[in-house]
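Next comes data08.pdb, with PDB, C-alpha atoms.
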MODEL        1
ATOM      1  CA  MET Q 288      92.865 -33.474  76.976
ATOM      2  CA  GLU Q 289      94.435 -30.239  75.813
ATOM      3  CA  ILE Q 290      93.053 -26.726  75.980
ATOM      4  CA  GLY Q 291      92.651 -25.147  72.550
ATOM      5  CA  THR Q 292      91.110 -21.728  72.985
ATOM      6  CA  ILE Q 293      88.695 -20.032  75.339
ATOM      7  CA  PHE Q 294      85.334 -18.665  74.252
ATOM      8  CA  GLU Q 295      83.501 -15.780  75.840
ATOM      9  CA  ILE Q 296      79.854 -16.791  76.192
ATOM     10  CA  VAL Q 297      78.685 -13.873  78.343
ATOM     11  CA  LYS Q 298      81.029 -10.920  78.644
ATOM     12  CA  ASN Q 299      83.040 -10.871  81.856
ATOM     13  CA  SER Q 300      81.007 -13.620  83.478
ATOM     14  CA  LEU Q 301      80.878 -16.838  81.482
ATOM     15  CA  LEU Q 302      83.732 -18.362  79.524
ATOM     16  CA  ALA Q 303      84.142 -21.822  78.080
ATOM     17  CA  VAL Q 304      87.142 -23.938  77.232
ATOM     18  CA  LYS Q 305      87.388 -25.294  73.706
ATOM     19  CA  TRP Q 306      89.197 -28.601  74.017
ATOM     20  CA  LEU Q 307      91.332 -29.575  71.049
ATOM     21  CA  ASN Q 308      89.560 -32.919  70.635
ATOM     22  CA  GLU Q 309      86.052 -31.459  70.710
ATOM     23  CA  PRO Q 310      84.310 -29.694  67.812
ATOM     24  CA  GLN Q 311      82.860 -26.775  69.784
ATOM     25  CA  ASP Q 312      83.534 -24.930  73.010
ATOM     26  CA  SER Q 313      82.502 -27.030  75.992
ATOM     27  CA  PHE Q 314      79.463 -24.913  76.822
ATOM     28  CA  LYS Q 315      77.973 -24.987  73.344
ATOM     29  CA  TYR Q 316      79.074 -28.573  72.754
ATOM     30  CA  ASN Q 317      77.083 -29.830  75.713
ATOM     31  CA  PHE Q 318      73.923 -28.147  74.530
ATOM     32  CA  THR Q 319      74.548 -29.673  71.111
ATOM     33  CA  LEU Q 320      74.829 -33.139  72.654
ATOM     34  CA  TRP Q 321      71.806 -32.612  74.897
ATOM     35  CA  ALA Q 322      69.682 -31.859  71.813
ATOM     36  CA  ASP Q 323      71.097 -34.759  69.765
ATOM     37  CA  VAL Q 324      68.515 -37.552  69.822
ATOM     38  CA  GLU Q 325      70.926 -40.113  68.386
ATOM     39  CA  TYR Q 326      73.544 -39.334  71.034
ATOM     40  CA  LEU Q 327      70.986 -39.454  73.844
ATOM     41  CA  GLU Q 328      69.349 -42.683  72.694
ATOM     42  CA  ASP Q 329      72.748 -44.354  72.489
ATOM     43  CA  PHE Q 330      73.877 -42.868  75.825
ATOM     44  CA  PHE Q 331      70.851 -44.181  77.692
ATOM     45  CA  GLU Q 332      71.035 -47.578  76.008
ATOM     46  CA  THR Q 333      74.618 -47.751  77.282
ATOM     47  CA  HIS Q 334      73.579 -46.606  80.764
ATOM     48  CA  LYS Q 335      70.275 -48.458  80.859
ATOM     49  CA  ALA Q 336      71.163 -50.123  84.147
ATOM     50  CA  ASP Q 337      71.498 -46.704  85.808
ATOM     51  CA  ILE Q 338      68.167 -45.325  84.641
ATOM     52  CA  THR Q 339      66.094 -48.457  85.211
ATOM     53  CA  GLY Q 340      67.431 -48.858  88.741
ATOM     54  CA  HIS Q 341      65.741 -47.948  92.002
ATOM     55  CA  PHE Q 342      66.548 -44.243  91.857
ATOM     56  CA  TRP Q 343      65.564 -43.125  88.352
ATOM     57  CA  GLN Q 344      63.074 -45.858  87.433
ATOM     58  CA  MET Q 345      62.589 -44.800  83.852
ATOM     59  CA  ASN Q 346      62.979 -46.236  80.380
ATOM     60  CA  VAL Q 347      65.190 -44.968  77.570
ATOM     61  CA  GLU Q 348      62.437 -42.895  75.988
ATOM     62  CA  ASP Q 349      61.582 -41.131  79.258
ATOM     63  CA  ALA Q 350      65.247 -40.430  79.907
ATOM     64  CA  VAL Q 351      65.877 -39.045  76.410
ATOM     65  CA  PHE Q 352      62.932 -36.681  76.598
ATOM     66  CA  LYS Q 353      63.788 -35.692  80.164
ATOM     67  CA  VAL Q 354      67.199 -34.511  78.998
ATOM     68  CA  LEU Q 355      65.751 -32.742  75.952
ATOM     69  CA  SER Q 356      63.297 -30.940  78.220
ATOM     70  CA  GLU Q 357      65.877 -30.123  80.893
ATOM     71  CA  ALA Q 358      68.311 -28.773  78.328
ATOM     72  CA  LYS Q 359      65.629 -26.538  76.849
ATOM     73  CA  GLU Q 360      64.737 -25.095  80.252
ATOM     74  CA  PHE Q 361      68.369 -24.831  81.262
ATOM     75  CA  GLU Q 362      69.209 -22.957  78.099
ATOM     76  CA  ALA Q 363      66.200 -20.656  78.497
ATOM     77  CA  ASP Q 364      67.300 -19.746  82.016
ATOM     78  CA  ILE Q 365      70.837 -18.997  80.940
ATOM     79  CA  ILE Q 366      69.579 -16.854  78.053
ATOM     80  CA  GLU Q 367      67.426 -14.863  80.459
ATOM     81  CA  TYR Q 368      70.203 -14.259  82.918
ATOM     82  CA  ALA Q 369      72.804 -13.714  80.225
ATOM     83  CA  GLU Q 370      70.707 -10.884  78.836
ATOM     84  CA  LYS Q 371      70.379  -9.376  82.291
ATOM     85  CA  GLY Q 372      74.147  -9.618  82.694
ATOM     86  CA  ASP Q 373      73.555 -11.216  86.060
ATOM     87  CA  LEU Q 374      74.466 -14.765  85.315
ATOM     88  CA  HIS Q 375      76.629 -15.769  88.221
ATOM     89  CA  ASP Q 376      74.217 -14.694  90.914
ATOM     90  CA  ILE Q 377      71.265 -16.666  89.660
ATOM     91  CA  VAL Q 378      72.251 -19.627  87.565
ATOM     92  CA  PHE Q 379      74.994 -20.765  89.838
ATOM     93  CA  GLU Q 380      74.136 -21.338  93.442
ATOM     94  CA  SER Q 381      76.400 -22.403  96.214
ATOM     95  CA  LEU Q 382      75.636 -25.757  97.769
ATOM     96  CA  ARG Q 383      78.314 -26.050 100.401
ATOM     97  CA  GLY Q 384      79.669 -22.537 100.516
ATOM     98  CA  ASN Q 385      83.364 -21.912 100.800
ATOM     99  CA  LYS Q 386      84.039 -24.205 103.699
ATOM    100  CA  GLU Q 387      86.721 -26.013 101.746
ATOM    101  CA  GLN Q 388      88.739 -22.930 100.897
ATOM    102  CA  GLU Q 389      91.903 -24.861 101.378
ATOM    103  CA  PHE Q 390      91.417 -26.417  97.957
ATOM    104  CA  ARG Q 391      91.874 -22.898  96.561
ATOM    105  CA  ARG Q 392      90.232 -23.796  93.265
ATOM    106  CA  VAL Q 393      86.532 -23.351  92.879
ATOM    107  CA  HIS Q 394      84.912 -26.211  91.034
ATOM    108  CA  VAL Q 395      81.404 -25.271  90.102
ATOM    109  CA  LYS Q 396      78.617 -27.229  88.579
ATOM    110  CA  ALA Q 397      75.425 -25.688  87.306
ATOM    111  CA  TYR Q 398      72.451 -27.967  87.514
ATOM    112  CA  GLY Q 399      69.910 -28.400  84.775
ATOM    113  CA  VAL Q 400      66.315 -27.570  85.487
ATOM    114  CA  SER Q 401      64.075 -30.565  85.966
ATOM    115  CA  ALA Q 402      60.394 -30.145  85.197
ATOM    116  CA  ASP Q 403      59.424 -33.508  86.656
ATOM    117  CA  GLU Q 404      59.724 -34.828  90.184
ATOM    118  CA  LYS Q 405      63.089 -36.413  89.555
ATOM    119  CA  PRO Q 406      66.221 -34.368  90.133
ATOM    120  CA  ALA Q 407      67.978 -32.834  87.167
ATOM    121  CA  MET Q 408      70.354 -35.050  85.220
ATOM    122  CA  LEU Q 409      72.294 -32.302  83.507
ATOM    123  CA  ARG Q 410      75.442 -30.745  84.891
ATOM    124  CA  MET Q 411      77.632 -27.970  83.557
ATOM    125  CA  TYR Q 412      81.020 -27.945  85.208
ATOM    126  CA  ALA Q 413      83.122 -24.823  85.583
ATOM    127  CA  VAL Q 414      86.072 -23.372  87.401
ATOM    128  CA  LYS Q 415      85.256 -20.176  89.267
ATOM    129  CA  LEU Q 416      87.590 -17.310  88.630
ATOM    130  CA  GLY Q 417      86.681 -14.371  90.821
ATOM    131  CA  SER Q 418      83.088 -13.581  89.927
ATOM    132  CA  SER Q 419      83.203 -15.310  86.555
ATOM    133  CA  TYR Q 420      83.089 -18.929  85.481
ATOM    134  CA  ILE Q 421      85.077 -20.961  83.028
ATOM    135  CA  VAL Q 422      83.002 -23.889  81.792
ATOM    136  CA  THR Q 423      85.141 -26.972  81.328
ATOM    137  CA  GLY Q 424      82.471 -29.464  80.326
ATOM    138  CA  GLY Q 425      79.148 -30.993  81.149
ATOM    139  CA  ALA Q 426      77.576 -34.344  81.745
ATOM    140  CA  ILE Q 427      74.432 -36.357  82.232
ATOM    141  CA  LYS Q 428      74.962 -37.403  85.821
ATOM    142  CA  LEU Q 429      73.121 -40.565  86.795
ATOM    143  CA  THR Q 430      75.121 -41.662  89.830
ATOM    144  CA  LYS Q 431      75.660 -40.139  93.255
ATOM    145  CA  SER Q 432      79.352 -39.468  92.803
ATOM    146  CA  MET Q 433      81.209 -38.419  89.697
ATOM    147  CA  GLN Q 434      83.853 -41.093  90.196
ATOM    148  CA  GLU Q 435      81.357 -43.889  89.609
ATOM    149  CA  ARG Q 436      81.224 -43.441  85.839
ATOM    150  CA  ALA Q 437      83.925 -42.824  83.262
ATOM    151  CA  HIS Q 438      82.170 -39.899  81.578
ATOM    152  CA  THR Q 439      81.772 -37.958  84.835
ATOM    153  CA  THR Q 440      85.255 -38.903  86.009
ATOM    154  CA  LEU Q 441      86.522 -37.320  82.786
ATOM    155  CA  GLU Q 442      84.795 -34.097  83.781
ATOM    156  CA  LEU Q 443      86.745 -34.073  87.038
ATOM    157  CA  VAL Q 444      89.934 -34.461  85.020
ATOM    158  CA  LYS Q 445      88.962 -31.502  82.826
ATOM    159  CA  LEU Q 446      88.326 -29.329  85.895
ATOM    160  CA  LYS Q 447      91.769 -30.200  87.246
ATOM    161  CA  ILE Q 448      93.463 -29.481  83.916
ATOM    162  CA  VAL Q 449      91.933 -25.998  83.737
ATOM    163  CA  SER Q 450      92.737 -25.307  87.386
ATOM    164  CA  GLN Q 451      96.322 -26.337  86.767
ATOM    165  CA  TYR Q 452      96.473 -24.232  83.595
ATOM    166  CA  LEU Q 453      95.403 -21.116  85.484
ATOM    167  CA  LYS Q 454      97.912 -21.797  88.212
ATOM    168  CA  GLU Q 455     100.776 -22.358  85.768
ATOM    169  CA  ASN Q 456      99.987 -19.031  84.109
ATOM    170  CA  GLY Q 457      99.964 -17.074  87.334
ATOM    171  CA  ILE Q 458      96.223 -16.498  87.415
ATOM    172  CA  ASP Q 459      96.158 -17.740  90.909
ATOM    173  CA  ASP Q 460      95.067 -15.830  93.957
ATOM    174  CA  ASP Q 461      94.094 -17.601  97.140
ATOM    175  CA  SER Q 462      91.447 -15.065  97.981
ATOM    176  CA  ASP Q 463      89.662 -15.689  94.682
ATOM    177  CA  TYR Q 464      89.226 -19.381  95.115
ATOM    178  CA  GLY Q 465      87.238 -21.753  97.189
ATOM    179  CA  TYR Q 466      85.469 -24.960  96.571
ATOM    180  CA  ILE Q 467      81.851 -24.577  95.629
ATOM    181  CA  GLU Q 468      79.216 -26.953  94.463
ATOM    182  CA  ILE Q 469      75.980 -25.504  93.346
ATOM    183  CA  GLU Q 470      72.566 -27.003  92.981
ATOM    184  CA  ASN Q 471      69.382 -26.259  91.174
ATOM    185  CA  LYS Q 472      67.209 -23.527  92.631
TER     186      LYS Q 472
ATOM    187  CA  MET O1328      93.526  -9.686  91.799
ATOM    188  CA  ALA O1329      90.177  -8.386  90.483
ATOM    189  CA  THR O1330      88.158 -10.610  88.186
ATOM    190  CA  THR O1331      88.545  -8.265  85.217
ATOM    191  CA  ASP O1332      92.319  -8.227  85.720
ATOM    192  CA  GLN O1333      92.341 -12.008  85.863
ATOM    193  CA  LEU O1334      90.257 -12.224  82.712
ATOM    194  CA  ASP O1335      92.471  -9.695  80.935
ATOM    195  CA  LYS O1336      95.517 -11.719  81.855
ATOM    196  CA  LEU O1337      93.897 -14.953  80.743
ATOM    197  CA  SER O1338      92.798 -13.355  77.483
ATOM    198  CA  LYS O1339      96.379 -12.256  76.718
ATOM    199  CA  ILE O1340      97.715 -15.727  77.499
ATOM    200  CA  VAL O1341      95.292 -17.471  75.134
ATOM    201  CA  GLY O1342      95.630 -14.819  72.414
ATOM    202  CA  GLY O1343      92.229 -13.257  73.038
ATOM    203  CA  PHE O1344      88.891 -14.871  73.768
ATOM    204  CA  GLU O1345      86.882 -16.219  70.869
ATOM    205  CA  ARG O1346      83.401 -14.753  70.472
ATOM    206  CA  SER O1347      80.651 -17.315  70.939
ATOM    207  CA  ASN O1348      77.500 -17.295  68.833
ATOM    208  CA  TRP O1349      75.708 -19.524  71.340
ATOM    209  CA  LEU O1350      73.315 -16.809  72.531
ATOM    210  CA  LEU O1351      72.001 -16.069  69.039
ATOM    211  CA  GLU O1352      71.556 -19.747  68.230
ATOM    212  CA  ALA O1353      69.960 -20.493  71.581
ATOM    213  CA  LYS O1354      67.415 -17.713  71.152
ATOM    214  CA  ALA O1355      66.498 -19.073  67.721
ATOM    215  CA  ARG O1356      65.980 -22.500  69.259
ATOM    216  CA  GLN O1357      63.609 -21.053  71.857
ATOM    217  CA  VAL O1358      61.424 -19.610  69.097
ATOM    218  CA  ASN O1359      61.246 -22.954  67.251
ATOM    219  CA  ASN O1360      60.745 -25.162  70.286
ATOM    220  CA  ASP O1361      57.586 -26.917  69.101
ATOM    221  CA  GLU O1362      59.044 -27.673  65.697
ATOM    222  CA  ILE O1363      62.263 -28.964  67.235
ATOM    223  CA  LEU O1364      60.366 -31.231  69.633
ATOM    224  CA  ALA O1365      58.332 -32.700  66.775
ATOM    225  CA  ARG O1366      61.539 -33.459  64.855
ATOM    226  CA  GLN O1367      63.075 -35.024  67.943
ATOM    227  CA  LYS O1368      60.057 -37.265  68.472
ATOM    228  CA  ILE O1369      60.210 -38.484  64.884
ATOM    229  CA  ALA O1370      63.965 -38.997  65.158
ATOM    230  CA  PHE O1371      63.551 -41.048  68.313
ATOM    231  CA  ARG O1372      60.875 -43.247  66.719
ATOM    232  CA  ILE O1373      63.125 -43.918  63.742
ATOM    233  CA  LEU O1374      66.081 -44.748  65.982
ATOM    234  CA  ARG O1375      64.084 -47.163  68.130
ATOM    235  CA  THR O1376      62.735 -48.905  65.057
ATOM    236  CA  LEU O1377      66.231 -49.236  63.613
ATOM    237  CA  ARG O1378      67.442 -50.691  66.905
ATOM    238  CA  GLN O1379      64.503 -53.088  67.250
ATOM    239  CA  THR O1380      64.796 -54.345  63.694
ATOM    240  CA  ASN O1381      68.589 -54.434  63.773
ATOM    241  CA  THR O1382      68.710 -52.105  60.795
ATOM    242  CA  SER O1383      71.625 -49.728  60.346
ATOM    243  CA  GLN O1384      71.336 -46.113  59.287
ATOM    244  CA  LYS O1385      73.322 -47.071  56.202
ATOM    245  CA  GLN O1386      70.743 -49.717  55.279
ATOM    246  CA  LEU O1387      67.937 -47.218  55.713
ATOM    247  CA  ALA O1388      69.857 -44.795  53.497
ATOM    248  CA  GLU O1389      70.111 -47.471  50.811
ATOM    249  CA  MET O1390      66.404 -48.272  51.055
ATOM    250  CA  LEU O1391      65.561 -44.611  50.531
ATOM    251  CA  ALA O1392      68.340 -43.885  48.033
ATOM    252  CA  VAL O1393      69.758 -41.089  50.149
ATOM    253  CA  SER O1394      73.179 -40.621  51.708
ATOM    254  CA  PRO O1395      73.971 -42.071  55.156
ATOM    255  CA  GLN O1396      74.823 -38.508  56.198
ATOM    256  CA  GLN O1397      71.270 -37.463  55.405
ATOM    257  CA  VAL O1398      69.841 -40.260  57.537
ATOM    258  CA  ASN O1399      72.212 -39.301  60.325
ATOM    259  CA  LYS O1400      70.898 -35.717  60.272
ATOM    260  CA  TRP O1401      67.356 -37.066  60.547
ATOM    261  CA  VAL O1402      68.079 -39.272  63.556
ATOM    262  CA  LYS O1403      69.866 -36.497  65.386
ATOM    263  CA  GLY O1404      66.645 -34.496  65.191
ATOM    264  CA  SER O1405      68.496 -31.582  63.641
ATOM    265  CA  GLU O1406      66.944 -31.693  60.184
ATOM    266  CA  ASN O1407      63.487 -30.769  58.996
ATOM    267  CA  PHE O1408      61.491 -33.562  57.389
ATOM    268  CA  SER O1409      59.394 -33.028  54.310
ATOM    269  CA  ILE O1410      56.049 -34.830  54.130
ATOM    270  CA  GLY O1411      57.452 -36.876  51.242
ATOM    271  CA  THR O1412      60.432 -37.943  53.299
ATOM    272  CA  ILE O1413      58.270 -38.982  56.215
ATOM    273  CA  MET O1414      56.037 -41.039  53.930
ATOM    274  CA  LYS O1415      59.058 -42.812  52.464
ATOM    275  CA  ILE O1416      60.513 -43.571  55.893
ATOM    276  CA  GLN O1417      57.156 -44.863  57.097
ATOM    277  CA  GLN O1418      56.943 -47.192  54.130
ATOM    278  CA  ALA O1419      60.544 -48.379  54.406
ATOM    279  CA  LEU O1420      60.317 -49.141  58.126
ATOM    280  CA  ASN O1421      56.647 -50.092  58.159
ATOM    281  CA  ILE O1422      55.846 -47.656  60.927
ATOM    282  CA  ILE O1423      53.604 -44.632  61.402
ATOM    283  CA  LEU O1424      55.489 -41.441  62.195
ATOM    284  CA  ILE O1425      52.709 -38.930  61.734
ATOM    285  CA  GLU O1426      48.993 -39.388  61.497
ATOM    286  CA  ILE O1427      46.324 -36.938  60.441
ATOM    287  CA  VAL O1428      43.591 -37.015  63.012
ATOM    288  CA  GLU O1429      40.125 -35.904  61.986
ATOM    289  CA  PRO O1430      38.944 -33.156  64.309
ATOM    290  CA  LYS O1431      36.210 -34.272  66.677
ATOM    291  CA  PRO O1432      33.104 -32.045  66.574
ATOM    292  CA  GLN O1433      32.957 -29.779  69.579
ATOM    293  CA  MET O1434      30.006 -30.772  71.698
ATOM    294  CA  ARG O1435      27.706 -28.633  73.775
ATOM    295  CA  THR O1436      24.746 -29.434  75.898
ATOM    296  CA  THR O1437      21.287 -28.345  74.893
ATOM    297  CA  MET O1438      18.699 -27.691  77.546
ATOM    298  CA  LEU O1439      15.023 -27.684  76.716
ATOM    299  CA  PHE O1440      12.910 -25.320  78.740
ATOM    300  CA  LYS O1441       9.286 -26.124  79.007
ATOM    301  CA  ARG O1442       6.535 -23.954  80.390
ATOM    302  CA  THR O1443       5.827 -26.664  82.892
ATOM    303  CA  GLY O1444       8.993 -25.569  84.627
ATOM    304  CA  VAL O1445      10.765 -28.871  84.036
ATOM    305  CA  TYR O1446      14.281 -28.720  82.820
ATOM    306  CA  ALA O1447      15.566 -31.716  80.982
ATOM    307  CA  GLN O1448      18.905 -32.372  79.454
ATOM    308  CA  VAL O1449      17.753 -33.707  76.167
ATOM    309  CA  LYS O1450      20.747 -34.156  73.952
ATOM    310  CA  THR O1451      24.217 -32.993  73.128
ATOM    311  CA  VAL O1452      24.623 -31.465  69.725
ATOM    312  CA  SER O1453      27.573 -30.256  67.787
ATOM    313  CA  ILE O1454      28.361 -26.561  67.647
ATOM    314  CA  ALA O1455      29.393 -27.229  64.095
ATOM    315  CA  HIS O1456      25.833 -28.105  63.250
ATOM    316  CA  SER O1457      24.070 -25.506  61.221
ATOM    317  CA  VAL O1458      20.931 -23.621  62.104
ATOM    318  CA  ALA O1459      19.013 -26.077  59.922
ATOM    319  CA  GLN O1460      20.262 -28.886  62.094
ATOM    320  CA  LYS O1461      19.145 -26.983  65.156
ATOM    321  CA  LYS O1462      15.702 -26.933  63.607
ATOM    322  CA  GLU O1463      15.880 -30.695  63.244
ATOM    323  CA  VAL O1464      16.663 -30.966  66.906
ATOM    324  CA  SER O1465      13.767 -28.708  67.637
ATOM    325  CA  VAL O1466      11.474 -30.865  65.529
ATOM    326  CA  ALA O1467      12.680 -33.945  67.302
ATOM    327  CA  ARG O1468      11.913 -32.353  70.661
ATOM    328  CA  THR O1469       8.497 -31.360  69.410
ATOM    329  CA  GLU O1470       7.730 -34.949  68.488
ATOM    330  CA  LYS O1471       8.819 -36.179  71.900
ATOM    331  CA  TYR O1472       7.650 -33.415  74.227
ATOM    332  CA  GLY O1473       5.096 -31.520  72.213
ATOM    333  CA  LYS O1474       5.782 -28.059  70.839
ATOM    334  CA  PRO O1475       8.295 -26.308  73.038
ATOM    335  CA  ARG O1476       7.469 -22.838  74.225
ATOM    336  CA  ARG O1477      11.091 -21.860  74.198
ATOM    337  CA  LEU O1478      14.199 -23.605  73.071
ATOM    338  CA  ALA O1479      17.409 -22.368  74.557
ATOM    339  CA  TYR O1480      20.916 -23.436  73.742
ATOM    340  CA  ALA O1481      23.321 -23.263  76.596
TER     341      ALA O1481
ENDMDL
END

The structure given in the file should be rewritten as structure tokens.
Amino acid sequence: MEIGTIFEIVKNSLLAVKWLNEPQDSFKYNFTLWADVEYLEDFFETHKADITGHFWQMNVEDAVFKVLSEAKEFEADIIEYAEKGDLHDIVFESLRGNKEQEFRRVHVKAYGVSADEKPAMLRMYAVKLGSSYIVTGGAIKLTKSMQERAHTTLELVKLKIVSQYLKENGIDDDSDYGYIEIENK
Amino acid sequence: MATTDQLDKLSKIVGGFERSNWLLEAKARQVNNDEILARQKIAFRILRTLRQTNTSQKQLAEMLAVSPQQVNKWVKGSENFSIGTIMKIQQALNIILIEIVEPKPQMRTTMLFKRTGVYAQVKTVSIAHSVAQKKEVSVARTEKYGKPRRLAYA
């Protein structure tokens, strides 16, 4: 994975990495995938064991339309807050606070908005830089930990690459970093 | 280091941030939500049929004499379907993608008031029925109950 360019989604608050091997910046690309019925149908066929298990208990059709619905709501929320210029306070919410400051890097994930009783499947991952966020990727998360599946493990790798990139370029200040996970409101 | 300083530094390192058009596109999607959902439902139905019948997108393209790229746009849910296209896909895959449903007449309850003070729910009639049809109802009531003193429609 190699960083190509960086896109500014919302001025001074939301940026997104454009990876060289992906067709769009990671923020836009995830919304493209989450609206792509062919991609979603294939994804959930591949991960059928995860969605039909005890936790999710749904079929491929339910899962596809859950993601389509979540993505729509997620996008609507980000539009609203982007227009207010108040994105970081509302869309991203701290789950564990800064208790792991020693990691110095802030890995952030923004949860999708689930309209049903099940938790959201969608995640947008970002590195926190001061009061702004650099989106590194996103995923449909079906398992408890990211390490359990290759596609979410890849997102961890992307976060580390961007963290390392910032460090190598001297954009590195201990006071600006912590370790945050955020969850849906 | 302040966030703006960090962003300025990052911007210089990457040769300036690219401007994203996501917001404009996303707002357009919000306006067309119903249309997009309809396309996605049709796309999903096509995909499931292809999977169940072990038919490839390329085969469907050949059946319809269109390019595989065109079929791929359909199944992604990103392309509008014309009525003609939907009819052809239905025929090729032997499925129903859209169906025109005849509207059911809206029903309302008619109450017949009689001087005797007895209320009776006599029948439900369609709002769509004309005044002439109301007269028919009235006649029917007359035959059954005798001439009504007053006929009120709730």

Quick one: which residues end up in the ChimeraX specification (/Q :<10) & /O for this structure, as a PyMOL selection string?
-> chain O and resi 1328-1338+1340-1354+1356-1357+1360+1363-1364+1366-1375+1378+1399-1405

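Taking CA of Gln344 (chain Q) and CA of Asp1361 (chain O) as the two end points, the separation is 26.9 Å.
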
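All protein, DNA and RNA residues at most 12 Å from (57.6, -36.3, 53.8) are Ile1369, Leu1391, Trp1401, Asn1407, Phe1408, Ser1409, Ile1410, Gly1411, Thr1412, Ile1413, Met1414, Lys1415, Ile1416, Gln1417, Gln1418, Ile1423, Leu1424, Ile1425 and Glu1426 of chain O, using all atoms listed in the file.
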
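Pairwise distance (CA of His438 (chain Q), CA of Met408 (chain Q)) equals 13.3 Å.
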
Could you work out an axis-aligned box for region 296-312 of chain Q, taking every atom the file lists and adding 3 Å on each side, and report centre and edge lengths in Å to one decimal, as JSON?
{"center_x": 85.0, "center_y": -21.9, "center_z": 75.6, "size_x": 18.6, "size_y": 28.0, "size_z": 21.7}

Selection dump of the PyMOL selection byres ((chain Q and resi 441-443) around 8), as a PDB file with C-alpha atoms, in the frame of the given file:
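Here's the written file out.pdb:
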ATOM      1  CA  TYR Q 412      81.020 -27.945  85.208  1.00  0.00           C
ATOM      2  CA  THR Q 423      85.141 -26.972  81.328  1.00  0.00           C
ATOM      3  CA  GLY Q 424      82.471 -29.464  80.326  1.00  0.00           C
ATOM      4  CA  GLY Q 425      79.148 -30.993  81.149  1.00  0.00           C
ATOM      5  CA  ALA Q 426      77.576 -34.344  81.745  1.00  0.00           C
ATOM      6  CA  MET Q 433      81.209 -38.419  89.697  1.00  0.00           C
ATOM      7  CA  ALA Q 437      83.925 -42.824  83.262  1.00  0.00           C
ATOM      8  CA  HIS Q 438      82.170 -39.899  81.578  1.00  0.00           C
ATOM      9  CA  THR Q 439      81.772 -37.958  84.835  1.00  0.00           C
ATOM     10  CA  THR Q 440      85.255 -38.903  86.009  1.00  0.00           C
ATOM     11  CA  VAL Q 444      89.934 -34.461  85.020  1.00  0.00           C
ATOM     12  CA  LYS Q 445      88.962 -31.502  82.826  1.00  0.00           C
ATOM     13  CA  LEU Q 446      88.326 -29.329  85.895  1.00  0.00           C
ATOM     14  CA  LYS Q 447      91.769 -30.200  87.246  1.00  0.00           C
TER      15      LYS Q 447
END

Between CA of Lys405 (chain Q) and CA of Val422 (chain Q), what is the spacing in Å?
-> 24.8 Å

Near Ala336 (chain Q), within 12 Å and counting only C-alpha atoms, which residues show up once chain neighbours fewer than 4 positions away are dropped, as a PDB file with C-alpha atoms, in the coordinates of the input?
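Heads up, here's the output in part30.pdb:
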ATOM      1  CA  PHE Q 330      73.877 -42.868  75.825  1.00  0.00           C
ATOM      2  CA  PHE Q 331      70.851 -44.181  77.692  1.00  0.00           C
ATOM      3  CA  GLU Q 332      71.035 -47.578  76.008  1.00  0.00           C
ATOM      4  CA  GLY Q 340      67.431 -48.858  88.741  1.00  0.00           C
ATOM      5  CA  HIS Q 341      65.741 -47.948  92.002  1.00  0.00           C
ATOM      6  CA  PHE Q 342      66.548 -44.243  91.857  1.00  0.00           C
ATOM      7  CA  TRP Q 343      65.564 -43.125  88.352  1.00  0.00           C
ATOM      8  CA  GLN Q 344      63.074 -45.858  87.433  1.00  0.00           C
ATOM      9  CA  MET Q 345      62.589 -44.800  83.852  1.00  0.00           C
ATOM     10  CA  ASN Q 346      62.979 -46.236  80.380  1.00  0.00           C
ATOM     11  CA  VAL Q 347      65.190 -44.968  77.570  1.00  0.00           C
ATOM     12  CA  LEU Q 429      73.121 -40.565  86.795  1.00  0.00           C
ATOM     13  CA  THR Q 430      75.121 -41.662  89.830  1.00  0.00           C
TER      14      THR Q 430
END

Using only C-alpha atoms, pick whichever of Q:Leu307, Q:Thr333, Q:Glu435, Q:Ala350 has the shortest atom-to-atom distance to Trp321 (chain Q).
-> Q:Ala350

Write a file for region 409-429 of chain Q, containing C-alpha atoms (output as a compact mmCIF listing (two decimals), in the first residue's frame).
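selection.txt was written with the following content:
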# COMPACT_ATOMS: atom_id res chain seq x y z
CA LEU Q 409 -19.84 0.23 8.57
CA ARG Q 410 -16.58 1.70 9.78
CA MET Q 411 -14.55 4.62 8.51
CA TYR Q 412 -11.02 4.55 9.82
CA ALA Q 413 -8.91 7.65 10.29
CA VAL Q 414 -5.81 8.97 11.95
CA LYS Q 415 -6.46 11.96 14.18
CA LEU Q 416 -4.21 14.91 13.60
CA GLY Q 417 -4.92 17.62 16.13
CA SER Q 418 -8.59 18.43 15.67
CA SER Q 419 -8.80 17.03 12.15
CA TYR Q 420 -8.99 13.53 10.75
CA ILE Q 421 -7.24 11.77 7.94
CA VAL Q 422 -9.41 8.93 6.64
CA THR Q 423 -7.30 5.94 5.68
CA GLY Q 424 -10.04 3.52 4.70
CA GLY Q 425 -13.26 1.86 5.69
CA ALA Q 426 -14.75 -1.55 6.12
CA ILE Q 427 -17.81 -3.65 6.71
CA LYS Q 428 -16.93 -5.02 10.12
CA LEU Q 429 -18.65 -8.29 10.96
